[in-house]
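> One structure, pasted below without further comment.
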Amino acid sequence: MNAKRKSADEALAQKEAEHLTLEEAAEELARLAGEIEKHDKLYYQKDAPRISDAEYDALRRRNDAIEARYPELVREDSPSHRVGAQPADGFGKVVHRVPMLSLSNAFDDDDVRDFALRIRRFLNLKEDDILPITAEPKIDGLSAALRYEKGEFVLGATRGDGREGENVTANLKTIGDIPATLKGKDIPDVVEVRGEVYMSHEDFAALNERQREAGKPVFANPRNAAAGSLRQLDAKITASRPLRFFAYTWGEMSEMPAETQSGVMEAFRKWGFTVNPLFGRCDSVEALIDFYHDIEERRATLGYDIDGVVYKVDRLDWQNRLGFVSRSPRWALAHKFPAEQAMTVLEKIEIQVGRTGALTPVARLTPVTVGGVVVSNATLHNADEIERLGVRPGDTVVVQRAGDVIPQIVRVVEDRPRGKKKFVFPDTCPECGSHAVRETNPKTGKLDAVARCTGGLVCPAQAVERLRHFVSRNAFDIEGLGEKQIAAFYEDELIRRPDDIFTLEARDAKSLKKLKDREGWGSTSARKLFDAIDTRREVELDRFIFALGIRHVGETNARLLARSYGTLDHFEEQMRAAADRESDAWSELLSIDGVGEVLAESIVDFFAEAHNREVVEGLRKAGVKAVPLPEQEKSSPIAGKTVVFTGSLERMTRSEAKARAEQMGAKVAGSVSAKTDLIVAGPGAGSKLAKAAELGIEVIDEDAWMEMAGA
Ligand code: IVH
C-alpha cells in the first residue's frame with residue numbers, strides 16, 4: 001500500500017461512525033471485517049494475540065456502531081455474525097448442539113444498574129420483588145464443553161466459533177478437575193457441562209521456567225499457555241501441562257438438576273466438578289457491585305487470572321423468559337475490570353544472568369501504576385522477543401500485568417517519540433565479561449533463543465551452581481561440602497573458584513577467623529572437611545573433566561575425552577590447538593566417535609577462555625592431580641588402531657563393544673575414512689561396507705570380533 005493511501009485509510013479509521021458517508025461506511029466495514037478476523041485467528045488459533053482485549057473490543061464496538069447506522073451494509077462475513085475463529089485444522093470438528101455464546105460487557109457500576117433495570121422491566125417485576133442474581137469471577141482461560149452420556153465423559157470440545165469447535169476429548173481427559181465418571185445418583189442421561197480451562201500463576205511460572213531452560217519459546221501469559229497446552233495434537237504433552245477447570249454453565253441437558261443457577265452449580269459440585277469457591281448470590285444490585293469491588297481487591301491474590309465478574313439471573317424460568325439478544329444472553333453480564341495495562345517509557349534494557357548462565361534482558365521502566373501496583377521492570381525474555389516487539393530504549397511502551405505474573409511489554413506506542421538507538425544484545429556476560437553465545441540446537445539445527453554466558457566457573461551468577469557441580473558425587477565427590485556449605489563459603493569469599501577448595505586449609509591456618517570458630521562448625525568438623533578435601537587431591541581424569549562443567553560434557557563424554565587424550569596436559573594442549581579450525585587437533589577431536597560439532601565447539605570454547613584455563617592452572621598449583629584412566633592394552637591386535645562398528649551387534653551392546661575396543665587400545669570412530677583400520681560389521685551394515693571395499697579396509701563379522709575381544 002502506498003503512503004498516501006495508507007494515511008487516507010487511517011483518517012477514515014479515525015472518523016466517528018455517525019460522520020461516515022455510505023461509501024466510507026462500506027469501506028470501513030470491509031476493513032474491520034478483515035482486521036477482526038485476523039485478530040480472531042491470532043487469538044483463537046495461534047494463541048498469540050497482537051492487540052490488547054481493550055483494543056479488540058474497540059474494533060468490535062466500532063463495527064457494531066457502523067452496522068447500527070447502516071444496517072443495509074451488514075456484510076455476509078460480518079464479525080457480528082460470529083463469536084470467535086473457525087477451528088484450526090488438525091482436530092476433528094464438533095458442532096455444538098447448543099451454541100456457545102458470549103457475554104455482553106459492562107465497564108462501570110452504572111452499566112450494572114442498567115442491566116438490572118432492563119431485566120426488571122422485561123420481566124415486569126414490581127419494585128419490592130427481589131431479583132436474585134449470582135456473581136462469580138470471570139476466568140481468563142478458554143472455554144470448553146464436556147458431554148457426559150449416562151455419567152461417562154464421551155466428548156469434549158473447544159468453543160471454536162461458537163457454533164463449531166475442536167474435538168479435544170483426549171486432551172481434556174488429562175485434566176484432573178474433569179471427572180471421567182460423574183459421582184452420585186440421579187444423573188441425567190445427557191449432561192453437557194461448560195466451563196473454563198485455565199492455568200494457575202504458579203504453574204504458569206514453572207512451565208515457562210522449564211520452557212526457558214529447554215531453550216523453547218515461553219508463553220506470553222497463563223491464558224495463552226492454557227490454550228497452547230490444550231490444543232496439542234499429542235495428548236501426552238497436554239498431560240504434562242498443569243491445566244485446571246472451573247464449571248460455570250451448561251449446554252445440552254436431558255433434564256435439569258435444579259431450578260436455579262446456584263442449584264445447578266451445587267449439582268455440578270456433587271457430580272465431581274470444581275465450581276469457583278467465590279461463586280455467590282446477591283439479592284440487590286448494590287450487593288452485586290460490592291461483590292465486584294471485593295473481588296477486584298482480591299484479584300492479585302487469587303493465584304489465577306480473572307478479567308471481571310460474571311452476573312447471571314438465578315431463576316432458570318426467568319433466564320428462559322429473558323432469552324438472547326444477538327450473540328449474548330439477556331440474563332447475564334460480564335463486568336470487566338479496567339485493563340491492567342498502562343503506557344510508560346522504557347528507560348533502558350539490562351541483562352540478568354541466571355544460575356545456569358542464561359542471559360535474560362530486563363526492561364527498566366519509568367515507574368507506572370498498572371492495576372493498582374507500581375511497575376518498574378518487565379521481562380523481555382530474549383533477543384528474539386526484543387526483535388519481535390521492535391522495541392528500543394527510549395520508546396513509549398504499553399505494559400501489562402497479569403495477576404502477580406512478571407509484567408510484560410505488549411507493544412511499542414508508535415506515534416510517540418521513538419528511542420534513537422536499537423538495543424544491541426551483548427556478546428559478553430555483564431557479570432563476568434566472558435563470551436555469551438547462542439548455541440545451535442543439535443537436534444533441530446536451529447539457533448537457541450537463549451544466549452548463555454560461557455564463564456561458568458568464574459561467573460558470579462553461576463558460581464555457586466558450578467561449585468556445587470564440581471564437588472558433586474560423580475565429579476570430585478567431596479564429602480561434607482554440600483550446597484549449603486558452598487553457598488555460605490561463597491558468600492564469605494572463602495571459596496570463589498574450584499581451586500579455592502584446595503587452598504582452604506592453608507588459608508585457614510593463616511586466618512584469624514578460623515573455620516572451626518564459624519557458627520555450626522567445630523574443630524572436629526573442620527578437620528573432617530580438610531581431610532575429605534585432601535583425599536580428593538587425586539582424581540581420575542574423567543571426573544576432573546566432568547567437574548569442569550563444560551556444556552554438553554556429561555560423564556560419558558568426559559570418559560570418552562579422558563580415554564582419547566590420556567592426560568590432562570595433553571587434553572588441554574590439544575583443545576587449545578583445536579581453536580584453529582584448520583588444525584589437526586580440531587579434525588582429530590571431530591573424528592572421535594561420539595564427538596559432534598556442537599560438543600567439539602563447546603569444549604574448544606571452554607579452553608579458549610583465559611579464566612577457565614586459570615582455574616585449571618589453579619587446581620594444578622593447589623596440588624590437584626588428574627590420574628589417567630587405566631592403561632589400555634598395548635599388545636592387543638587392535639592397539640593403536642582405529643575401529644568402526646557398523647550394523648547391529650547381537651552378542652554385545654554397541655557401548656560394551658566400544659568400551660572393550662577402547663580398553664584394547666583402539667580408537668573407535670563413527671565413520672569410515674582412510675584412517676580406519678578395521679570394520680566390525682553386523683547384519684544390516686549398509687553404505688559403510690561399500691566404502692570399506694573401496695578403501696580396501698579389513699572387515700570382520702561379530703563372531704570374529706568376539707574371538708578377538710576374548711569374550
Ligand atoms: S458464562 C452464555 N461464566 O467468558 C454465556 N463465562 O465472554 C456463558 N467466562 O465464553 C458463559 N468465566 O469463556 C461464564 N464464570 C464465567 C466465566 C465465563 C469466564 C468466559 C467464557 C465465555 C466468555 C464470555
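Labels used: A, B, ... for chains in the order of the C-alpha cells, numbers from 1 for residues in each chain, and numbers from 1 for ligands as shown.
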Let me have all residues with an atom within 6 Å of ligand 1, counting only C-alpha atoms and all ligand atoms, laid out as a PDB file with all heavy atoms, in the first residue's frame.

```
ATOM      1  N   LEU A 101     -22.205 -19.189  23.364  1.00  0.00           N
ATOM      2  CA  LEU A 101     -22.284 -17.758  23.086  1.00  0.00           C
ATOM      3  C   LEU A 101     -21.349 -16.982  23.994  1.00  0.00           C
ATOM      4  O   LEU A 101     -20.642 -17.555  24.804  1.00  0.00           O
ATOM      5  CB  LEU A 101     -23.729 -17.294  23.267  1.00  0.00           C
ATOM      6  CG  LEU A 101     -24.688 -18.034  22.325  1.00  0.00           C
ATOM      7  CD1 LEU A 101     -26.112 -17.697  22.649  1.00  0.00           C
ATOM      8  CD2 LEU A 101     -24.369 -17.717  20.866  1.00  0.00           C
ATOM      9  N   SER A 102     -21.368 -15.675  23.814  1.00  0.00           N
ATOM     10  CA  SER A 102     -20.529 -14.887  24.717  1.00  0.00           C
ATOM     11  C   SER A 102     -21.400 -13.959  25.542  1.00  0.00           C
ATOM     12  O   SER A 102     -22.622 -14.026  25.480  1.00  0.00           O
ATOM     13  CB  SER A 102     -19.478 -14.132  23.929  1.00  0.00           C
ATOM     14  OG  SER A 102     -20.126 -13.240  23.068  1.00  0.00           O
ATOM     15  N   LEU A 103     -20.758 -13.124  26.325  1.00  0.00           N
ATOM     16  CA  LEU A 103     -21.492 -12.276  27.269  1.00  0.00           C
ATOM     17  C   LEU A 103     -21.388 -10.824  26.837  1.00  0.00           C
ATOM     18  O   LEU A 103     -20.372 -10.407  26.283  1.00  0.00           O
ATOM     19  CB  LEU A 103     -20.867 -12.418  28.658  1.00  0.00           C
ATOM     20  CG  LEU A 103     -20.911 -13.817  29.262  1.00  0.00           C
ATOM     21  CD1 LEU A 103     -19.986 -13.904  30.467  1.00  0.00           C
ATOM     22  CD2 LEU A 103     -22.344 -14.153  29.669  1.00  0.00           C
ATOM     23  N   GLU A 136     -19.785 -14.324  40.140  1.00  0.00           N
ATOM     24  CA  GLU A 136     -18.596 -15.189  40.222  1.00  0.00           C
ATOM     25  C   GLU A 136     -17.493 -14.577  39.363  1.00  0.00           C
ATOM     26  O   GLU A 136     -17.787 -13.784  38.459  1.00  0.00           O
ATOM     27  CB  GLU A 136     -18.935 -16.593  39.700  1.00  0.00           C
ATOM     28  CG  GLU A 136     -19.157 -16.614  38.199  1.00  0.00           C
ATOM     29  CD  GLU A 136     -20.027 -17.771  37.733  1.00  0.00           C
ATOM     30  OE1 GLU A 136     -19.492 -18.865  37.623  1.00  0.00           O
ATOM     31  OE2 GLU A 136     -21.233 -17.554  37.474  1.00  0.00           O
ATOM     32  N   PRO A 137     -16.252 -14.935  39.623  1.00  0.00           N
ATOM     33  CA  PRO A 137     -15.159 -14.374  38.823  1.00  0.00           C
ATOM     34  C   PRO A 137     -15.267 -14.801  37.365  1.00  0.00           C
ATOM     35  O   PRO A 137     -15.737 -15.899  37.075  1.00  0.00           O
ATOM     36  CB  PRO A 137     -13.900 -14.965  39.439  1.00  0.00           C
ATOM     37  CG  PRO A 137     -14.299 -15.474  40.765  1.00  0.00           C
ATOM     38  CD  PRO A 137     -15.750 -15.808  40.686  1.00  0.00           C
ATOM     39  N   LYS A 138     -14.843 -13.929  36.491  1.00  0.00           N
ATOM     40  CA  LYS A 138     -14.752 -14.275  35.070  1.00  0.00           C
ATOM     41  C   LYS A 138     -13.321 -14.774  34.846  1.00  0.00           C
ATOM     42  O   LYS A 138     -12.356 -14.013  34.944  1.00  0.00           O
ATOM     43  CB  LYS A 138     -15.038 -13.055  34.203  1.00  0.00           C
ATOM     44  CG  LYS A 138     -15.042 -13.371  32.714  1.00  0.00           C
ATOM     45  CD  LYS A 138     -15.586 -12.176  31.927  1.00  0.00           C
ATOM     46  CE  LYS A 138     -15.841 -12.498  30.469  1.00  0.00           C
ATOM     47  NZ  LYS A 138     -14.713 -13.047  29.765  1.00  0.00           N
ATOM     48  N   ILE A 139     -13.201 -16.057  34.599  1.00  0.00           N
ATOM     49  CA  ILE A 139     -11.888 -16.694  34.498  1.00  0.00           C
ATOM     50  C   ILE A 139     -11.280 -16.393  33.135  1.00  0.00           C
ATOM     51  O   ILE A 139     -11.944 -16.499  32.117  1.00  0.00           O
ATOM     52  CB  ILE A 139     -12.013 -18.228  34.653  1.00  0.00           C
ATOM     53  CG1 ILE A 139     -12.928 -18.594  35.839  1.00  0.00           C
ATOM     54  CG2 ILE A 139     -10.644 -18.883  34.803  1.00  0.00           C
ATOM     55  CD1 ILE A 139     -12.463 -18.084  37.158  1.00  0.00           C
ATOM     56  N   ASP A 140     -10.001 -16.035  33.141  1.00  0.00           N
ATOM     57  CA  ASP A 140      -9.343 -15.702  31.882  1.00  0.00           C
ATOM     58  C   ASP A 140      -8.600 -16.930  31.347  1.00  0.00           C
ATOM     59  O   ASP A 140      -7.397 -17.076  31.510  1.00  0.00           O
ATOM     60  CB  ASP A 140      -8.368 -14.543  32.113  1.00  0.00           C
ATOM     61  CG  ASP A 140      -8.004 -13.866  30.813  1.00  0.00           C
ATOM     62  OD1 ASP A 140      -8.564 -14.243  29.759  1.00  0.00           O
ATOM     63  OD2 ASP A 140      -7.159 -12.950  30.843  1.00  0.00           O
ATOM     64  N   LEU A 142      -9.773 -20.516  28.549  1.00  0.00           N
ATOM     65  CA  LEU A 142     -10.537 -20.758  27.327  1.00  0.00           C
ATOM     66  C   LEU A 142     -11.661 -21.715  27.670  1.00  0.00           C
ATOM     67  O   LEU A 142     -11.505 -22.592  28.518  1.00  0.00           O
ATOM     68  CB  LEU A 142      -9.655 -21.304  26.210  1.00  0.00           C
ATOM     69  CG  LEU A 142      -9.104 -22.706  26.354  1.00  0.00           C
ATOM     70  CD1 LEU A 142      -8.845 -23.299  24.982  1.00  0.00           C
ATOM     71  CD2 LEU A 142      -7.793 -22.638  27.128  1.00  0.00           C
ATOM     72  N   SER A 143     -12.816 -21.507  27.025  1.00  0.00           N
ATOM     73  CA  SER A 143     -13.961 -22.299  27.438  1.00  0.00           C
ATOM     74  C   SER A 143     -13.985 -23.646  26.734  1.00  0.00           C
ATOM     75  O   SER A 143     -13.448 -23.806  25.637  1.00  0.00           O
ATOM     76  CB  SER A 143     -15.257 -21.535  27.223  1.00  0.00           C
ATOM     77  OG  SER A 143     -15.268 -20.961  25.956  1.00  0.00           O
ATOM     78  N   GLU A 196     -14.342 -23.213  32.171  1.00  0.00           N
ATOM     79  CA  GLU A 196     -13.111 -22.599  31.690  1.00  0.00           C
ATOM     80  C   GLU A 196     -11.896 -23.459  32.037  1.00  0.00           C
ATOM     81  O   GLU A 196     -11.728 -23.872  33.186  1.00  0.00           O
ATOM     82  CB  GLU A 196     -12.985 -21.218  32.347  1.00  0.00           C
ATOM     83  CG  GLU A 196     -12.110 -20.248  31.605  1.00  0.00           C
ATOM     84  CD  GLU A 196     -12.856 -19.517  30.479  1.00  0.00           C
ATOM     85  OE1 GLU A 196     -14.016 -19.897  30.169  1.00  0.00           O
ATOM     86  OE2 GLU A 196     -12.266 -18.586  29.903  1.00  0.00           O
ATOM     87  N   TYR A 248     -19.069 -23.635  35.010  1.00  0.00           N
ATOM     88  CA  TYR A 248     -19.938 -22.490  35.310  1.00  0.00           C
ATOM     89  C   TYR A 248     -21.227 -22.418  34.506  1.00  0.00           C
ATOM     90  O   TYR A 248     -22.063 -21.579  34.769  1.00  0.00           O
ATOM     91  CB  TYR A 248     -19.183 -21.169  35.208  1.00  0.00           C
ATOM     92  CG  TYR A 248     -18.444 -20.941  33.904  1.00  0.00           C
ATOM     93  CD1 TYR A 248     -19.121 -20.832  32.696  1.00  0.00           C
ATOM     94  CD2 TYR A 248     -17.052 -20.810  33.907  1.00  0.00           C
ATOM     95  CE1 TYR A 248     -18.442 -20.617  31.506  1.00  0.00           C
ATOM     96  CE2 TYR A 248     -16.356 -20.597  32.718  1.00  0.00           C
ATOM     97  CZ  TYR A 248     -17.062 -20.507  31.533  1.00  0.00           C
ATOM     98  OH  TYR A 248     -16.397 -20.302  30.369  1.00  0.00           O
ATOM     99  N   THR A 249     -21.393 -23.274  33.488  1.00  0.00           N
ATOM    100  CA  THR A 249     -22.675 -23.260  32.784  1.00  0.00           C
ATOM    101  C   THR A 249     -22.870 -24.598  32.078  1.00  0.00           C
ATOM    102  O   THR A 249     -22.108 -25.538  32.328  1.00  0.00           O
ATOM    103  CB  THR A 249     -22.766 -22.052  31.816  1.00  0.00           C
ATOM    104  OG1 THR A 249     -24.097 -21.949  31.317  1.00  0.00           O
ATOM    105  CG2 THR A 249     -21.818 -22.187  30.641  1.00  0.00           C
ATOM    106  N   VAL A 310     -18.831 -12.168  36.534  1.00  0.00           N
ATOM    107  CA  VAL A 310     -19.996 -12.503  35.693  1.00  0.00           C
ATOM    108  C   VAL A 310     -21.242 -12.571  36.572  1.00  0.00           C
ATOM    109  O   VAL A 310     -21.227 -13.197  37.636  1.00  0.00           O
ATOM    110  CB  VAL A 310     -19.795 -13.851  34.970  1.00  0.00           C
ATOM    111  CG1 VAL A 310     -21.008 -14.180  34.097  1.00  0.00           C
ATOM    112  CG2 VAL A 310     -18.531 -13.823  34.121  1.00  0.00           C
ATOM    113  N   PRO A 329     -26.700 -13.754  26.069  1.00  0.00           N
ATOM    114  CA  PRO A 329     -27.945 -13.853  26.829  1.00  0.00           C
ATOM    115  C   PRO A 329     -28.310 -12.514  27.472  1.00  0.00           C
ATOM    116  O   PRO A 329     -27.419 -11.765  27.892  1.00  0.00           O
ATOM    117  CB  PRO A 329     -27.623 -14.894  27.904  1.00  0.00           C
ATOM    118  CG  PRO A 329     -26.140 -14.948  27.995  1.00  0.00           C
ATOM    119  CD  PRO A 329     -25.591 -14.490  26.695  1.00  0.00           C
TER     120      PRO A 329
END
```
> Based on DSSP run over this structure's backbone, return all residues of stretch 63-278 of chain A in strand (DSSP E), as a ChimeraX atom specification.
/A:93-95,105-106,133-139,142-149,152-158,164-166,190-198,244-253
> Restrict the calculation to only C-alpha atoms, then for each residue of stretch 40-140 of chain A with any atom at most 8 Å from an atom of stretch 12-30 of chain A give the closest atom pair and their distance in Å to one decimal, rows by chain and rising residue number, as a tab-separated table.

```
residue	atom	partner	partner_atom	distance
A:Arg62	CA	A:Ala17	CA	7.1
A:Asn63	CA	A:Leu29	CA	6.4
A:Ala65	CA	A:Ala17	CA	6.3
A:Ile66	CA	A:Ala17	CA	5.4
A:Glu67	CA	A:Leu29	CA	7.9
A:Arg69	CA	A:Glu18	CA	7.2
A:Tyr70	CA	A:Leu22	CA	7.5
A:Leu73	CA	A:Ala26	CA	6.3
A:Val74	CA	A:Leu29	CA	7.8
A:Arg75	CA	A:Leu29	CA	7.7
A:Ser78	CA	A:Leu29	CA	7.9
```
> Using only C-alpha atoms, pick whichever of A:Asn612, A:Thr535, A:Ser511, A:Thr454 has the shortest atom-to-atom distance to A:Arg497.
A:Asn612
> Which distance in Å separates atom CA of A:Gly594 and atom CA of A:Thr567, to one decimal?
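According to the coordinates, atom CA of A:Gly594 and atom CA of A:Thr567 are separated by 19.2 Å.
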> Based on DSSP run over this structure's backbone, return all residues of stretch 445-690 of chain A in helix (DSSP H, G or I), as a ChimeraX atom specification.
/A:463-470,483-491,498-510,515-517,523-535,541-547,555-565,568-577,584-591,597-608,610-621,654-663,687-690
> So which residues touch A:Leu131 within 9 Å, counting only C-alpha atoms, skipping near sequence neighbours fewer than 3 positions away, as a VMD selection string?
chain A and resid 116 119 to 120 125 282 to 285 313 to 315
> Which is closest to A:His381 among A:Glu166, A:Glu213, A:Glu519, A:Asp499, if we use only C-alpha atoms?
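Residue with the minimum atom-to-atom distance to A:His381: A:Glu213.
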> Please provide as a ChimeraX atom specification all residues within 8 Å of A:Leu457, with the sequence filter that same-chain residues fewer than 3 positions apart are discarded (counting only C-alpha atoms).
/A:462-463,466-467,497-498,548-549,612,615
> For all heavy atoms, I'd like the residues from the last selection saved as an mmCIF file, in the first residue's frame.

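Result file out23.cif:
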```
data_model
loop_
_atom_site.group_PDB
_atom_site.id
_atom_site.type_symbol
_atom_site.label_atom_id
_atom_site.label_comp_id
_atom_site.auth_asym_id
_atom_site.auth_seq_id
_atom_site.Cartn_x
_atom_site.Cartn_y
_atom_site.Cartn_z
ATOM 1 N N GLN A 462 26.757 -17.702 38.249
ATOM 2 C CA GLN A 462 26.657 -19.154 38.111
ATOM 3 C C GLN A 462 27.528 -19.906 39.102
ATOM 4 O O GLN A 462 27.482 -21.124 39.183
ATOM 5 C CB GLN A 462 27.122 -19.573 36.712
ATOM 6 C CG GLN A 462 26.313 -19.004 35.597
ATOM 7 C CD GLN A 462 26.961 -19.356 34.267
ATOM 8 O OE1 GLN A 462 26.966 -20.499 33.851
ATOM 9 N NE2 GLN A 462 27.522 -18.363 33.619
ATOM 10 N N ALA A 463 28.373 -19.141 39.823
ATOM 11 C CA ALA A 463 29.437 -19.778 40.580
ATOM 12 C C ALA A 463 28.964 -20.839 41.566
ATOM 13 O O ALA A 463 29.508 -21.939 41.602
ATOM 14 C CB ALA A 463 30.249 -18.714 41.308
ATOM 15 N N ARG A 466 27.958 -23.929 39.858
ATOM 16 C CA ARG A 466 29.110 -24.626 39.286
ATOM 17 C C ARG A 466 29.951 -25.310 40.352
ATOM 18 O O ARG A 466 30.454 -26.411 40.168
ATOM 19 C CB ARG A 466 29.991 -23.638 38.510
ATOM 20 C CG ARG A 466 29.349 -23.131 37.259
ATOM 21 C CD ARG A 466 28.894 -24.309 36.410
ATOM 22 N NE ARG A 466 28.335 -23.861 35.165
ATOM 23 C CZ ARG A 466 28.947 -23.937 33.998
ATOM 24 N NH1 ARG A 466 30.143 -24.472 33.905
ATOM 25 N NH2 ARG A 466 28.366 -23.499 32.919
ATOM 26 N N LEU A 467 30.114 -24.627 41.473
ATOM 27 C CA LEU A 467 30.898 -25.220 42.561
ATOM 28 C C LEU A 467 30.180 -26.454 43.107
ATOM 29 O O LEU A 467 30.798 -27.466 43.422
ATOM 30 C CB LEU A 467 31.111 -24.195 43.681
ATOM 31 C CG LEU A 467 32.127 -23.095 43.348
ATOM 32 C CD1 LEU A 467 32.003 -21.929 44.321
ATOM 33 C CD2 LEU A 467 33.551 -23.660 43.393
ATOM 34 N N ARG A 497 36.296 -20.003 43.583
ATOM 35 C CA ARG A 497 36.570 -20.824 42.399
ATOM 36 C C ARG A 497 36.944 -22.229 42.867
ATOM 37 O O ARG A 497 37.378 -22.409 44.009
ATOM 38 C CB ARG A 497 37.764 -20.246 41.618
ATOM 39 C CG ARG A 497 37.573 -18.839 41.154
ATOM 40 C CD ARG A 497 38.585 -18.446 40.109
ATOM 41 N NE ARG A 497 39.914 -19.051 40.256
ATOM 42 C CZ ARG A 497 40.963 -18.667 39.533
ATOM 43 N NH1 ARG A 497 40.832 -17.700 38.645
ATOM 44 N NH2 ARG A 497 42.128 -19.259 39.691
ATOM 45 N N PRO A 498 36.852 -23.228 41.991
ATOM 46 C CA PRO A 498 37.146 -24.600 42.416
ATOM 47 C C PRO A 498 38.515 -24.732 43.081
ATOM 48 O O PRO A 498 38.655 -25.464 44.074
ATOM 49 C CB PRO A 498 37.106 -25.380 41.107
ATOM 50 C CG PRO A 498 36.157 -24.634 40.252
ATOM 51 C CD PRO A 498 36.344 -23.188 40.610
ATOM 52 N N LEU A 548 34.574 -29.896 35.513
ATOM 53 C CA LEU A 548 34.746 -28.547 34.967
ATOM 54 C C LEU A 548 33.420 -27.945 34.501
ATOM 55 O O LEU A 548 33.286 -26.734 34.365
ATOM 56 C CB LEU A 548 35.744 -28.566 33.796
ATOM 57 C CG LEU A 548 37.174 -28.944 34.178
ATOM 58 C CD1 LEU A 548 38.050 -29.012 32.935
ATOM 59 C CD2 LEU A 548 37.763 -27.940 35.185
ATOM 60 N N GLY A 549 32.424 -28.807 34.280
ATOM 61 C CA GLY A 549 31.101 -28.301 33.908
ATOM 62 C C GLY A 549 31.071 -27.696 32.514
ATOM 63 O O GLY A 549 30.344 -26.738 32.266
ATOM 64 N N ASN A 612 39.004 -19.797 32.337
ATOM 65 C CA ASN A 612 38.840 -21.238 32.544
ATOM 66 C C ASN A 612 40.203 -21.905 32.661
ATOM 67 O O ASN A 612 40.412 -22.786 33.493
ATOM 68 C CB ASN A 612 38.051 -21.859 31.395
ATOM 69 C CG ASN A 612 36.574 -21.501 31.465
ATOM 70 O OD1 ASN A 612 36.058 -21.228 32.550
ATOM 71 N ND2 ASN A 612 35.922 -21.473 30.322
ATOM 72 N N VAL A 615 41.601 -21.453 36.061
ATOM 73 C CA VAL A 615 41.065 -22.360 37.075
ATOM 74 C C VAL A 615 41.798 -23.699 37.010
ATOM 75 O O VAL A 615 42.221 -24.244 38.040
ATOM 76 C CB VAL A 615 39.539 -22.566 36.885
ATOM 77 C CG1 VAL A 615 39.048 -23.715 37.746
ATOM 78 C CG2 VAL A 615 38.791 -21.288 37.238
#
```
> Excluding same-chain residues fewer than 6 positions from A:Ser240, what lies within 10 Å of it counting only C-alpha atoms, as a list in words?
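So the residues in contact are Thr174, Ile175, Leu207 and Ser229 of chain A.
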> Dump N, CA, C and O atoms for the selected residues as an mmCIF file, in the first residue's frame?

```
data_model
loop_
_atom_site.group_PDB
_atom_site.id
_atom_site.type_symbol
_atom_site.label_atom_id
_atom_site.label_comp_id
_atom_site.auth_asym_id
_atom_site.auth_seq_id
_atom_site.Cartn_x
_atom_site.Cartn_y
_atom_site.Cartn_z
ATOM 1 N N THR A 174 -7.046 -35.518 30.360
ATOM 2 C CA THR A 174 -5.830 -35.475 31.182
ATOM 3 C C THR A 174 -5.937 -34.456 32.314
ATOM 4 O O THR A 174 -5.034 -34.353 33.138
ATOM 5 N N ILE A 175 -7.031 -33.682 32.344
ATOM 6 C CA ILE A 175 -7.153 -32.627 33.362
ATOM 7 C C ILE A 175 -7.796 -33.183 34.634
ATOM 8 O O ILE A 175 -8.895 -33.740 34.583
ATOM 9 N N LEU A 207 6.108 -23.591 34.328
ATOM 10 C CA LEU A 207 6.121 -24.084 32.951
ATOM 11 C C LEU A 207 7.064 -23.233 32.096
ATOM 12 O O LEU A 207 7.897 -23.754 31.356
ATOM 13 N N SER A 229 -1.557 -25.400 25.520
ATOM 14 C CA SER A 229 -1.412 -26.732 26.094
ATOM 15 C C SER A 229 -2.605 -27.610 25.749
ATOM 16 O O SER A 229 -2.459 -28.809 25.525
#
```
> Which residues come within 8 Å of A:Phe91, counting only C-alpha atoms, excluding same-chain residues fewer than 3 positions away, as number ranges by chain?
A: 88, 166-168, 233
> Could you state the separation of atom CA of A:Asp605 and atom CA of A:Ile550 in Å, given to one decimal place?
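Between these atoms lies a distance of 9.2 Å.
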> My list of candidates is A:Val112, A:Ala48, A:Ile501, A:Val391. Which is closest to A:Asn224 when distances are computed with only C-alpha atoms?
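The shortest atom-to-atom distance to A:Asn224 comes from A:Ala48.
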> Counting only C-alpha atoms, which of A:Ala225, A:Ala145, A:Lys348, A:Ala661 gets nearest to A:Ala247?
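When distances to A:Ala247 are compared using only C-alpha atoms, the smallest one comes from A:Ala145.
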> Write out as a PyMOL selection string the residues lying within 8 Å of A:Val553, counting only C-alpha atoms and excluding same-chain residues fewer than 6 positions away.
chain A and resi 546+599+603
